[in-house]
$ cat protein19.cif   # mmCIF, C-alpha atoms and all ligand atoms
data_input
#
loop_
_atom_site.label_atom_id
_atom_site.label_comp_id
_atom_site.auth_asym_id
_atom_site.auth_seq_id
_atom_site.Cartn_x
_atom_site.Cartn_y
_atom_site.Cartn_z
CA MET G 29 135.16 106.51 108.16
CA LEU G 30 138.83 105.52 108.24
CA ASP G 31 140.96 106.23 111.27
CA TYR G 32 144.08 106.77 109.17
CA LEU G 33 144.48 107.47 105.48
CA ILE G 34 148.13 106.83 104.74
CA VAL G 35 149.66 108.53 101.72
CA GLY G 36 152.54 106.50 100.31
CA ALA G 37 153.10 102.73 100.24
CA GLY G 38 156.84 103.02 100.93
CA LEU G 39 158.50 101.76 104.09
CA ALA G 40 157.17 104.62 106.25
CA GLY G 41 153.58 104.21 105.06
CA ALA G 42 153.68 100.41 105.29
CA THR G 43 155.15 100.47 108.81
CA PHE G 44 152.55 102.94 110.03
CA ALA G 45 149.69 101.00 108.41
CA ARG G 46 150.86 97.67 109.89
CA VAL G 47 151.34 98.89 113.44
CA MET G 48 148.13 100.90 113.62
CA THR G 49 146.05 98.13 112.01
CA GLU G 50 147.36 95.75 114.66
CA LYS G 51 146.33 98.26 117.32
CA GLY G 52 142.79 98.03 115.95
CA TYR G 53 142.60 101.17 113.83
CA CYS G 54 141.06 101.20 110.38
CA CYS G 55 143.75 102.14 107.84
CA LYS G 56 143.92 102.56 104.08
CA VAL G 57 146.98 103.32 101.94
CA LEU G 58 147.07 105.48 98.80
CA GLU G 59 150.02 105.27 96.44
CA LYS G 60 150.59 107.32 93.32
CA ARG G 61 153.00 104.86 91.69
CA ASN G 62 151.82 101.59 90.16
CA HIS G 63 153.57 99.52 92.82
CA ILE G 64 154.10 99.28 96.57
CA GLY G 65 157.46 99.65 98.32
CA GLY G 66 158.38 103.22 97.37
CA ASN G 67 162.11 103.42 96.74
CA ILE G 68 162.86 99.95 98.08
CA PHE G 69 160.76 98.37 95.32
CA SER G 70 162.46 95.40 93.66
CA SER G 71 161.38 93.05 90.88
CA GLU G 72 162.87 90.07 89.07
CA ILE G 73 164.70 90.17 85.77
CA GLU G 74 166.21 86.85 84.56
CA GLY G 75 165.47 85.35 87.99
CA ILE G 76 167.56 88.06 89.64
CA GLU G 77 166.07 90.49 92.16
CA VAL G 78 166.71 93.96 90.79
CA HIS G 79 166.66 96.97 93.14
CA GLN G 80 164.82 99.40 90.89
CA TYR G 81 165.62 102.65 92.73
CA GLY G 82 169.23 102.00 93.73
CA PRO G 83 170.90 99.26 95.79
CA HIS G 84 169.38 98.72 99.23
CA ILE G 85 171.14 96.91 102.04
CA PHE G 86 169.26 96.58 105.28
CA HIS G 87 171.40 97.28 108.35
CA THR G 88 170.54 98.36 111.86
CA ASP G 89 171.63 98.58 115.46
CA GLN G 90 168.08 98.95 116.73
CA GLU G 91 166.83 95.64 118.13
CA SER G 92 163.16 96.67 117.91
CA VAL G 93 163.55 97.47 114.21
CA TRP G 94 165.36 94.21 113.51
CA GLU G 95 162.65 92.24 115.30
CA PHE G 96 159.98 94.15 113.39
CA VAL G 97 161.37 93.47 109.88
CA ASN G 98 162.05 89.84 110.69
CA ARG G 99 158.32 89.34 111.12
CA PHE G 100 157.88 90.07 107.41
CA ALA G 101 161.03 88.70 105.76
CA ARG G 102 163.85 86.22 106.24
CA PHE G 103 167.17 87.98 105.75
CA ASN G 104 170.25 86.43 104.17
CA HIS G 105 173.77 87.02 105.53
CA PHE G 106 174.88 89.49 102.85
CA VAL G 107 177.55 91.99 103.91
CA TYR G 108 178.11 95.06 101.73
CA SER G 109 181.79 95.42 100.76
CA PRO G 110 181.97 97.68 97.71
CA VAL G 111 185.14 98.27 95.72
CA ALA G 112 186.30 101.70 94.52
CA ASN G 113 187.61 102.06 90.98
CA TYR G 114 189.80 105.12 90.43
CA HIS G 115 191.00 105.22 86.82
CA GLY G 116 191.28 101.42 86.86
CA GLU G 117 193.05 101.20 90.25
CA LEU G 118 190.95 99.16 92.70
CA TYR G 119 190.63 99.92 96.42
CA ASN G 120 188.57 98.36 99.19
CA LEU G 121 185.89 100.39 100.92
CA PRO G 122 185.09 101.69 103.45
CA PHE G 123 188.50 103.18 104.29
CA ASN G 124 190.29 100.43 106.20
CA MET G 125 193.62 98.63 106.54
CA ASN G 126 193.16 97.02 103.09
CA THR G 127 192.68 100.47 101.51
CA PHE G 128 195.70 101.89 103.33
CA TYR G 129 197.86 98.96 102.22
CA GLN G 130 196.71 99.36 98.62
CA LEU G 131 197.52 103.10 98.71
CA TRP G 132 200.72 103.26 100.76
CA GLY G 133 201.86 99.70 101.50
CA THR G 134 201.33 100.28 105.25
CA LYS G 135 200.84 96.99 107.11
CA THR G 136 200.08 97.91 110.70
CA PRO G 137 197.47 100.27 112.20
CA GLU G 138 200.29 102.33 113.66
CA GLU G 139 201.91 102.85 110.23
CA ALA G 140 198.56 103.75 108.67
CA LYS G 141 197.65 106.18 111.44
CA ARG G 142 201.07 107.81 111.16
CA GLU G 143 200.64 108.29 107.39
CA ILE G 144 197.14 109.77 107.78
CA ALA G 145 198.33 112.05 110.59
CA ARG G 146 201.30 113.18 108.45
CA GLN G 147 199.02 114.06 105.54
CA ALA G 148 196.33 115.66 107.70
CA GLU G 149 198.92 117.81 109.50
CA GLN G 150 200.02 119.36 106.21
CA GLU G 151 196.48 120.67 105.70
CA ASN G 152 196.48 122.54 109.00
CA ILE G 153 192.71 122.33 109.61
CA SER G 154 191.37 122.73 113.13
CA GLU G 155 187.61 123.18 112.69
CA PRO G 156 186.45 121.69 109.35
CA LYS G 157 184.03 124.11 107.68
CA ASN G 158 183.02 121.95 104.74
CA LEU G 159 183.22 118.42 103.35
CA GLU G 160 186.66 118.92 101.78
CA GLU G 161 188.19 120.09 105.05
CA GLN G 162 186.43 117.35 106.98
CA ALA G 163 187.77 114.68 104.62
CA LEU G 164 191.32 116.06 104.60
CA LYS G 165 191.34 116.13 108.39
CA LEU G 166 189.89 112.64 108.68
CA VAL G 167 191.91 110.71 106.08
CA GLY G 168 194.45 113.03 104.42
CA ARG G 169 194.99 114.19 100.85
CA ASP G 170 195.60 110.86 99.00
CA ILE G 171 192.27 109.34 99.98
CA TYR G 172 190.49 112.61 99.46
CA GLU G 173 191.85 113.03 95.91
CA LYS G 174 191.39 109.40 94.78
CA LEU G 175 188.33 108.17 96.62
CA ILE G 176 186.25 111.15 97.75
CA LYS G 177 186.64 114.28 95.64
CA GLY G 178 185.37 113.04 92.25
CA TYR G 179 182.68 110.73 93.61
CA THR G 180 181.22 113.35 95.94
CA ALA G 181 181.25 116.16 93.38
CA LYS G 182 179.45 113.88 90.89
CA GLN G 183 176.96 112.67 93.45
CA TRP G 184 175.98 116.09 94.76
CA GLY G 185 176.68 118.24 91.68
CA ARG G 186 178.80 120.58 93.79
CA GLU G 187 182.45 120.81 94.75
CA CYS G 188 183.36 119.36 98.14
CA ARG G 189 184.18 122.85 99.44
CA GLU G 190 180.54 123.80 98.95
CA LEU G 191 179.10 120.78 100.78
CA PRO G 192 178.38 120.32 104.50
CA ALA G 193 180.93 118.27 106.45
CA PHE G 194 178.38 115.86 107.94
CA ILE G 195 177.86 113.93 104.66
CA ILE G 196 181.27 112.30 104.90
CA LYS G 197 180.96 111.48 108.60
CA ARG G 198 178.63 108.63 107.61
CA LEU G 199 181.57 106.70 106.14
CA PRO G 200 183.52 104.55 108.61
CA VAL G 201 187.33 104.78 108.84
CA ARG G 202 188.73 101.58 110.31
CA PHE G 203 192.13 100.41 111.42
CA THR G 204 191.27 96.74 110.92
CA TYR G 205 191.24 94.59 107.76
CA ASP G 206 187.45 94.72 107.62
CA ASN G 207 185.66 95.62 104.37
CA ASN G 208 182.16 95.66 105.87
CA TYR G 209 180.69 99.01 104.79
CA PHE G 210 178.50 99.24 107.89
CA ASN G 211 179.17 99.07 111.61
CA HIS G 212 175.75 97.78 112.61
CA PRO G 213 175.30 94.32 114.21
CA HIS G 214 172.42 93.35 111.88
CA GLN G 215 172.67 93.34 108.10
CA GLY G 216 171.16 91.46 105.17
CA ILE G 217 168.85 91.36 102.17
CA PRO G 218 165.32 89.90 102.34
CA GLN G 219 165.55 86.43 100.79
CA ASP G 220 162.32 86.86 98.81
CA GLY G 221 162.99 90.49 97.92
CA TYR G 222 162.02 93.88 99.33
CA THR G 223 158.68 94.04 97.54
CA ALA G 224 157.60 90.75 99.14
CA MET G 225 158.59 92.13 102.54
CA VAL G 226 156.43 95.24 102.07
CA ARG G 227 153.59 93.10 100.67
CA ASN G 228 153.66 91.06 103.87
CA MET G 229 153.63 94.25 105.94
CA LEU G 230 150.55 95.44 104.07
CA SER G 231 148.75 92.09 104.17
CA GLY G 232 145.05 92.58 104.99
CA ILE G 233 145.27 96.37 104.54
CA GLU G 234 143.52 98.13 101.65
CA VAL G 235 146.02 99.68 99.23
CA GLN G 236 144.97 101.83 96.28
CA LEU G 237 147.69 102.26 93.64
CA ASN G 238 147.95 104.84 90.83
CA THR G 239 146.32 107.46 93.04
CA ASP G 240 147.78 110.89 93.76
CA PHE G 241 146.33 112.12 97.03
CA LEU G 242 147.12 115.75 96.18
CA GLN G 243 144.99 115.70 93.06
CA HIS G 244 141.82 114.87 95.00
CA ARG G 245 142.76 115.85 98.55
CA LYS G 246 139.34 117.13 99.62
CA THR G 247 137.66 113.83 98.66
CA TYR G 248 140.26 111.75 100.46
CA GLU G 249 140.52 113.98 103.53
CA ALA G 250 136.78 113.60 104.03
CA GLN G 251 137.22 109.81 104.27
CA ALA G 252 139.52 109.75 107.30
CA LYS G 253 139.93 111.19 110.77
CA CYS G 254 143.65 111.62 110.17
CA VAL G 255 146.02 111.73 107.18
CA VAL G 256 149.56 110.36 107.40
CA PHE G 257 151.58 111.96 104.62
CA THR G 258 154.88 110.33 103.56
CA GLY G 259 155.33 112.34 100.36
CA PRO G 260 157.27 115.64 100.17
CA ILE G 261 156.09 118.06 102.87
CA ASP G 262 156.46 121.10 100.59
CA ALA G 263 154.22 119.47 97.97
CA TYR G 264 151.55 118.95 100.67
CA TYR G 265 151.59 122.72 101.32
CA GLU G 266 151.63 123.53 97.60
CA TYR G 267 155.17 124.95 97.89
CA CYS G 268 153.81 128.00 99.70
CA TYR G 269 157.27 128.95 101.07
CA GLY G 270 159.16 127.67 98.00
CA ALA G 271 160.37 124.23 96.84
CA LEU G 272 162.83 122.18 98.87
CA GLU G 273 165.77 120.92 96.79
CA TYR G 274 166.72 117.31 96.14
CA ARG G 275 169.43 115.48 94.29
CA SER G 276 168.18 113.05 91.71
CA LEU G 277 169.41 109.84 90.08
CA ARG G 278 169.05 108.15 86.72
CA PHE G 279 169.39 104.37 86.46
CA GLU G 280 170.52 102.51 83.35
CA THR G 281 169.86 98.79 83.69
CA GLU G 282 171.28 96.17 81.32
CA VAL G 283 171.04 92.37 81.04
CA LEU G 284 174.39 90.83 80.11
CA ASP G 285 175.13 87.35 78.75
CA THR G 286 177.72 86.55 81.33
CA ASP G 287 177.58 84.82 84.66
CA ASN G 288 179.60 87.32 86.66
CA TYR G 289 180.42 90.80 85.37
CA GLN G 290 182.36 92.54 88.14
CA GLY G 291 182.58 90.02 91.00
CA VAL G 292 181.05 92.36 93.57
CA ALA G 293 177.61 93.91 94.24
CA GLY G 294 178.80 97.51 94.17
CA MET G 295 181.69 99.17 92.35
CA ASN G 296 182.10 102.92 92.96
CA PHE G 297 183.74 104.96 90.19
CA THR G 298 185.50 107.62 92.20
CA ASP G 299 187.14 109.64 89.40
CA SER G 300 185.40 112.74 88.10
CA GLU G 301 185.46 111.74 84.38
CA THR G 302 183.27 108.58 84.53
CA PRO G 303 179.75 109.99 84.35
CA TYR G 304 178.17 107.39 86.67
CA THR G 305 178.96 106.98 90.37
CA ARG G 306 178.57 103.22 90.59
CA ILE G 307 177.71 99.97 88.87
CA VAL G 308 175.56 97.57 90.81
CA GLU G 309 175.51 93.87 89.87
CA HIS G 310 172.30 92.72 91.50
CA LYS G 311 172.84 88.94 91.66
CA HIS G 312 175.64 89.36 94.22
CA PHE G 313 173.12 90.56 96.81
CA ARG G 314 171.77 87.01 96.78
CA PHE G 315 175.04 85.14 96.24
CA GLY G 316 174.63 84.58 92.50
CA GLU G 317 170.98 83.43 92.37
CA GLY G 318 169.33 83.67 88.94
CA ASN G 319 169.70 82.23 85.47
CA PRO G 320 173.20 80.87 84.90
CA GLY G 321 174.99 82.76 82.13
CA LYS G 322 172.98 85.95 82.76
CA THR G 323 173.53 88.94 84.97
CA VAL G 324 171.84 92.32 85.46
CA ILE G 325 173.82 95.49 86.07
CA THR G 326 172.69 99.05 86.77
CA ARG G 327 174.75 102.19 86.18
CA GLU G 328 173.75 104.98 88.54
CA TYR G 329 174.00 108.54 87.20
CA PRO G 330 173.53 111.46 89.57
CA ALA G 331 171.14 113.99 88.07
CA VAL G 332 169.80 117.47 88.56
CA TRP G 333 166.39 117.33 90.21
CA LYS G 334 163.45 119.25 88.80
CA LEU G 335 160.17 119.94 90.56
CA GLY G 336 157.71 117.11 89.98
CA GLU G 337 160.40 114.45 89.41
CA GLU G 338 161.23 111.58 91.77
CA ALA G 339 163.07 113.00 94.79
CA TYR G 340 166.02 110.92 96.06
CA TYR G 341 168.42 112.76 98.35
CA PRO G 342 167.30 115.80 100.39
CA VAL G 343 169.92 118.57 100.14
CA ASN G 344 170.22 119.36 103.85
CA ASP G 345 172.20 122.59 103.53
CA GLU G 346 171.49 125.75 105.53
CA LYS G 347 169.13 127.24 102.98
CA ASN G 348 166.98 124.12 102.60
CA ASN G 349 166.99 123.29 106.30
CA ALA G 350 165.71 126.80 107.04
CA LEU G 351 162.99 126.38 104.44
CA TYR G 352 162.05 123.01 105.91
CA GLY G 353 161.87 124.72 109.31
CA GLN G 354 159.10 126.96 107.98
CA TYR G 355 157.10 123.96 106.76
CA LEU G 356 157.72 122.19 110.06
CA GLU G 357 156.30 125.11 112.04
CA ARG G 358 153.14 124.89 109.98
CA ALA G 359 153.02 121.10 110.30
CA LYS G 360 153.24 121.29 114.11
CA LYS G 361 149.96 123.18 114.18
CA GLU G 362 148.08 120.44 112.30
CA LYS G 363 145.67 118.35 114.33
CA HIS G 364 144.69 115.82 111.68
CA VAL G 365 147.81 115.46 109.54
CA ILE G 366 151.04 113.68 110.45
CA PHE G 367 154.22 113.81 108.34
CA ALA G 368 156.54 110.82 108.24
CA GLY G 369 159.36 109.19 106.26
CA ARG G 370 162.25 110.56 104.27
CA LEU G 371 160.25 113.08 102.28
CA GLY G 372 157.70 114.01 104.93
CA THR G 373 160.47 115.01 107.34
CA TYR G 374 163.07 116.08 104.72
CA GLN G 375 165.82 113.92 106.19
CA TYR G 376 168.45 111.57 104.87
CA PHE G 377 167.04 108.44 106.50
CA ASP G 378 168.22 104.89 106.01
CA MET G 379 165.51 102.21 106.05
CA ASP G 380 166.00 101.31 109.70
CA LYS G 381 165.74 104.96 110.73
CA VAL G 382 162.50 105.30 108.78
CA ILE G 383 161.03 102.27 110.55
CA GLY G 384 162.40 103.32 113.95
CA SER G 385 160.96 106.81 113.65
CA VAL G 386 157.54 105.46 112.65
CA LEU G 387 157.57 102.94 115.52
CA ASP G 388 158.32 105.84 117.92
CA LEU G 389 155.59 107.90 116.32
CA THR G 390 152.97 105.17 116.67
CA ASP G 391 153.97 104.68 120.32
CA SER G 392 153.40 108.34 121.09
CA LEU G 393 150.14 108.86 119.17
CA ALA G 394 147.03 109.89 120.96
CA ASP G 395 143.73 109.10 119.24
CA CYS G 396 143.06 111.27 116.20
P1 LIG G 401 159.61 106.47 99.86
O1 LIG G 401 160.18 105.12 99.63
O2 LIG G 401 160.01 107.58 98.94
O3 LIG G 401 158.02 106.32 99.86
C1 LIG G 401 157.14 107.41 99.74
C2 LIG G 401 155.99 106.95 98.88
O4 LIG G 401 154.99 107.96 98.86
C3 LIG G 401 156.39 106.72 97.43
O5 LIG G 401 156.01 105.43 97.01
C4 LIG G 401 155.65 107.82 96.67
O6 LIG G 401 155.27 107.42 95.37
C5 LIG G 401 154.43 108.03 97.57
N1 LIG G 401 153.83 109.35 97.40
C6 LIG G 401 154.44 110.56 97.45
N2 LIG G 401 153.56 111.56 97.24
C7 LIG G 401 152.35 110.95 97.07
C8 LIG G 401 151.04 111.45 96.79
N3 LIG G 401 150.82 112.76 96.64
N4 LIG G 401 150.04 110.56 96.66
C9 LIG G 401 150.26 109.23 96.78
N5 LIG G 401 151.47 108.71 97.02
C10 LIG G 401 152.51 109.57 97.17
N6 LIG G 401 168.56 102.83 103.04
C11 LIG G 401 169.18 101.80 103.67
O7 LIG G 401 168.87 101.50 104.82
N7 LIG G 401 170.15 101.07 103.04
C12 LIG G 401 170.55 101.34 101.77
O8 LIG G 401 171.42 100.65 101.23
C13 LIG G 401 169.92 102.42 101.08
N8 LIG G 401 170.28 102.72 99.83
C14 LIG G 401 169.69 103.77 99.19
C15 LIG G 401 170.09 104.05 97.90
C16 LIG G 401 169.52 105.10 97.22
C17 LIG G 401 169.95 105.40 95.82
C18 LIG G 401 168.53 105.90 97.86
C19 LIG G 401 167.91 107.07 97.14
C20 LIG G 401 168.10 105.60 99.14
C21 LIG G 401 168.68 104.54 99.83
N9 LIG G 401 168.28 104.18 101.12
C22 LIG G 401 168.90 103.16 101.77
C23 LIG G 401 167.17 104.90 101.82
C24 LIG G 401 165.81 104.27 101.58
O9 LIG G 401 165.50 104.28 100.21
C25 LIG G 401 164.76 105.07 102.36
O10 LIG G 401 165.09 105.09 103.73
C26 LIG G 401 163.33 104.54 102.25
O11 LIG G 401 163.01 104.10 100.97
C27 LIG G 401 162.39 105.68 102.63
O12 LIG G 401 161.06 105.21 102.72
P2 LIG G 401 159.88 106.25 102.75
O13 LIG G 401 158.64 105.46 102.89
O14 LIG G 401 160.16 107.32 103.73
O15 LIG G 401 159.93 106.99 101.32
N1 LIG G 402 181.68 108.76 99.37
C1 LIG G 402 182.86 108.96 98.68
N2 LIG G 402 183.39 107.91 97.99
C2 LIG G 402 182.81 106.69 97.95
C3 LIG G 402 181.62 106.50 98.66
C4 LIG G 402 181.07 107.55 99.37
O1 LIG G 402 183.40 110.06 98.68
O2 LIG G 402 183.34 105.79 97.28
C5 LIG G 402 181.11 109.91 100.11
C6 LIG G 402 180.06 110.67 99.30
O3 LIG G 402 180.19 112.05 99.61
C7 LIG G 402 178.76 110.15 99.83
C8 LIG G 402 179.10 109.93 101.30
O4 LIG G 402 180.46 109.49 101.29
O5 LIG G 402 177.72 111.07 99.65
C9 LIG G 402 178.23 108.92 102.01
O6 LIG G 402 178.36 107.66 101.38
P1 LIG G 402 177.20 106.63 101.36
O7 LIG G 402 177.64 105.40 100.70
O8 LIG G 402 176.61 106.59 102.72
O9 LIG G 402 176.28 107.42 100.37
P2 LIG G 402 174.84 107.26 99.83
O10 LIG G 402 174.97 106.60 98.50
O11 LIG G 402 174.01 106.51 100.82
O12 LIG G 402 174.57 108.71 99.74
#
$ encode --input "protein19.cif" --output "structure tokens"
Amino acid sequence: MLDYLIVGAGLAGATFARVMTEKGYCCKVLEKRNHIGGNIFSSEIEGIEVHQYGPHIFHTDQESVWEFVNRFARFNHFVYSPVANYHGELYNLPFNMNTFYQLWGTKTPEEAKREIARQAEQENISEPKNLEEQALKLVGRDIYEKLIKGYTAKQWGRECRELPAFIIKRLPVRFTYDNNYFNHPHQGIPQDGYTAMVRNMLSGIEVQLNTDFLQHRKTYEAQAKCVVFTGPIDAYYEYCYGALEYRSLRFETEVLDTDNYQGVAGMNFTDSETPYTRIVEHKHFRFGEGNPGKTVITREYPAVWKLGEEAYYPVNDEKNNALYGQYLERAKKEKHVIFAGRLGTYQYFDMDKVIGSVLDLTDSLADC
């Protein structure tokens, strides 16, 4: 009899399995895909580590999480500084003094603040009700039109007026010449790749790939005292209240016979005409490692999500959050099932938040 049967070999499942195994519990992991790692899975093409489900940069301000991941990987000193491409005009991201100079020629924080305040004032918004109003209030019309409007509408498949304001609050606005996309003190990419990091986390733990728990749930439930489910919570309950919505992505990866295609790991295409949101050139995450004369790029196309397909971004609007609330009520009554991770809790979680939440969960667990 297992103590914990963990469904999903992504970061949430691997963290749970590692911690509880070290506490002396007997754990096994089931994974429906043919590989471990979930969405942080990476593999090599032409000696270059390719992030197969979108670019992943590890960053955190949680010391316990940083200590935890450093047990399983050595991190390089990569800092994410993407460039925005609006109809061929290039701007630094996130919005900072470089961006403001490129847009308006402003050279001091005071000049930039004055310009943003001037533009924001014209919009006359006190309480932003949606993403468009939030963005106009935060950075004014020029940045909204060139760097936010097209990108966001493509990414979410809805106009900014129809999206919740909180999405844009994730992006820093800085009055320094600092192109670091994140504010966290720790940042980097595992030197041997994300898959190797997850493999180290799962070392000594039984993992069964190509196995969908939901197809044989009775058999698997009978093998364990407790199930930890990191797949979609609505799928676990057979969509009894309806299906939660997600936004999906399609990746188009290409090997090119050139050493350096775009000179940066991430280039965001912020106009509305270019059908993809960004091009990622993977070798830049590891400072050009790989076969000389070759590079691998991935174009990322936002896509409509259909039930049964890979879920990427939860759509945390009012309707879906209310639906999730119904599933959560049911989940709270479970004595032998725990939901975790991005899909299990229907939240937009970065990697560090996934690990942090599982570490908290394992701290608070009573015996199953
Ligand atoms: P997942 O990785 O989705 O793992 C869940 C696993 O469960 C999957 O492997 C799935 O196959 C398996 N599963 C589901 N149902 C079943 C079933 N019925 N039976 C068996 N197995 C099942 N975070 C960052 O910190 N930095 C970034 O730069 C970053 N970039 C991102 C870019 C993109 C495009 C996306 C979509 C996400 C990004 N993230 C980033 C977030 C990051 O991907 C997640 O935080 C993390 O992967 C979530 O891990 P998880 O284990 O919760 O979910
Ligand atoms: N965003 C934007 N322009 C950009 C990058 C981001 O308007 O060049 C907006 C977009 O709405 C996105 C949000 O900022 O959903 C958060 O950006 P982040 O890079 O955190 O998005 P992710 O790819 O993780 O969703």
$ residues_around --input "protein19.cif" --residues "Ala263 (chain G)" --least-positions-apart "2" --cutoff "12 Å" --atoms "all atoms listed in the file" --output "PyMOL selection string"
chain G and resi 240-243+257-261+265-273+335-337+339+352+355+367+371-372+374
$ closest_atom_pairs --input "protein19.cif" --of "region 101-137 of chain G" --to "region 216-231 of chain G" --cutoff "10 Å" --atoms "all atoms listed in the file" --output "CSV"
residue,atom,partner,partner_atom,distance
G:Ala101,CA,G:Met225,CA,5.3
G:Arg102,CA,G:Pro218,CA,5.6
G:Phe103,CA,G:Pro218,CA,4.3
G:Asn104,CA,G:Gly216,CA,5.2
G:His105,CA,G:Gly216,CA,5.2
G:Phe106,CA,G:Gly216,CA,4.8
G:Val107,CA,G:Gly216,CA,6.5
G:Tyr108,CA,G:Gly216,CA,8.5
$ closest_residue --input "protein19.cif" --among "G:Thr247, G:Thr326, G:Asn113, G:Asn98" --to "Tyr179 (chain G)" --atoms "all atoms listed in the file"
G:Asn113
$ atom_distance --input "protein19.cif" --atom1 "CA of Tyr289 (chain G)" --atom2 "atom P1 of ligand LIG 402 (chain G)"
22.7 Å
$ closest_atom_pairs --input "protein19.cif" --of "chain G" --to "ligand LIG 402 (chain G)" --cutoff "10 Å" --atoms "all atoms listed in the file" --output "tab-separated table"
residue	atom	partner	partner_atom	distance
G:Gly82	CA	G:LIG402	O10	8.8
G:Pro83	CA	G:LIG402	O10	8.8
G:His84	CA	G:LIG402	O11	9.2
G:Pro110	CA	G:LIG402	O2	8.2
G:Val111	CA	G:LIG402	O2	7.9
G:Ala112	CA	G:LIG402	O2	5.8
G:Asn113	CA	G:LIG402	O2	8.5
G:Tyr114	CA	G:LIG402	O2	9.4
G:Tyr119	CA	G:LIG402	O2	9.4
G:Asn120	CA	G:LIG402	O2	9.3
G:Leu121	CA	G:LIG402	O2	7.0
G:Pro122	CA	G:LIG402	O2	7.6
G:Phe123	CA	G:LIG402	O2	9.1
G:Leu159	CA	G:LIG402	O3	8.0
G:Glu160	CA	G:LIG402	O3	9.7
G:Ala163	CA	G:LIG402	O1	8.7
G:Ile171	CA	G:LIG402	O1	9.0
G:Tyr172	CA	G:LIG402	O1	7.6
G:Glu173	CA	G:LIG402	O1	9.4
G:Lys174	CA	G:LIG402	N2	8.7
G:Leu175	CA	G:LIG402	N2	5.1
G:Ile176	CA	G:LIG402	O1	3.2
G:Lys177	CA	G:LIG402	O1	6.1
G:Gly178	CA	G:LIG402	O1	7.4
G:Tyr179	CA	G:LIG402	O1	5.2
G:Thr180	CA	G:LIG402	O3	4.0
G:Ala181	CA	G:LIG402	O3	7.5
G:Lys182	CA	G:LIG402	O3	8.9
G:Gln183	CA	G:LIG402	O5	6.4
G:Trp184	CA	G:LIG402	O5	7.2
G:Cys188	CA	G:LIG402	O3	8.1
G:Leu191	CA	G:LIG402	O3	8.9
G:Pro192	CA	G:LIG402	O3	9.8
G:Ala193	CA	G:LIG402	O3	9.3
G:Phe194	CA	G:LIG402	C8	8.9
G:Ile195	CA	G:LIG402	C8	5.4
G:Ile196	CA	G:LIG402	O4	4.6
G:Lys197	CA	G:LIG402	C9	7.6
G:Arg198	CA	G:LIG402	C9	5.6
G:Leu199	CA	G:LIG402	O4	5.7
G:Pro200	CA	G:LIG402	O8	9.3
G:Tyr209	CA	G:LIG402	O7	8.2
G:Phe210	CA	G:LIG402	O8	9.2
G:Gly294	CA	G:LIG402	O2	9.9
G:Met295	CA	G:LIG402	O2	8.4
G:Asn296	CA	G:LIG402	O2	5.3
G:Phe297	CA	G:LIG402	O2	7.1
G:Thr298	CA	G:LIG402	O2	5.8
G:Asp299	CA	G:LIG402	N2	9.5
G:Thr305	CA	G:LIG402	O2	8.3
G:Arg306	CA	G:LIG402	O2	8.6
G:Tyr340	CA	G:LIG402	O12	9.6
G:Tyr341	CA	G:LIG402	O12	7.5
G:Tyr376	CA	G:LIG402	O12	8.5
G:Phe377	CA	G:LIG402	O11	9.2
G:Asp378	CA	G:LIG402	O11	7.9
$ closest_residue --input "protein19.cif" --among "G:Gln375, G:Gln251, G:Thr88, G:Thr286" --to "Tyr32 (chain G)" --atoms "all atoms listed in the file"
G:Gln251
$ closest_residue --input "protein19.cif" --among "G:Val47, G:Ile307, G:Ile233, G:Ala359" --to "Leu393 (chain G)" --atoms "only C-alpha atoms"
G:Val47
$ atom_distance --input "protein19.cif" --atom1 "CA of Pro303 (chain G)" --atom2 "CA of Glu282 (chain G)"
16.5 Å
$ closest_residue --input "protein19.cif" --among "G:Val201, G:Leu351, G:Met48, G:Val308" --to "ligand LIG 401 (chain G)" --atoms "only C-alpha atoms and all ligand atoms"
G:Val308
$ atom_distance --input "protein19.cif" --atom1 "atom C19 of ligand LIG 401 (chain G)" --atom2 "CA of Leu277 (chain G)"
7.7 Å
$ closest_residue --input "protein19.cif" --among "G:Leu39, G:Cys55, G:Leu30, G:Ile383" --to "ligand LIG 401 (chain G)" --atoms "all atoms listed in the file"
G:Leu39
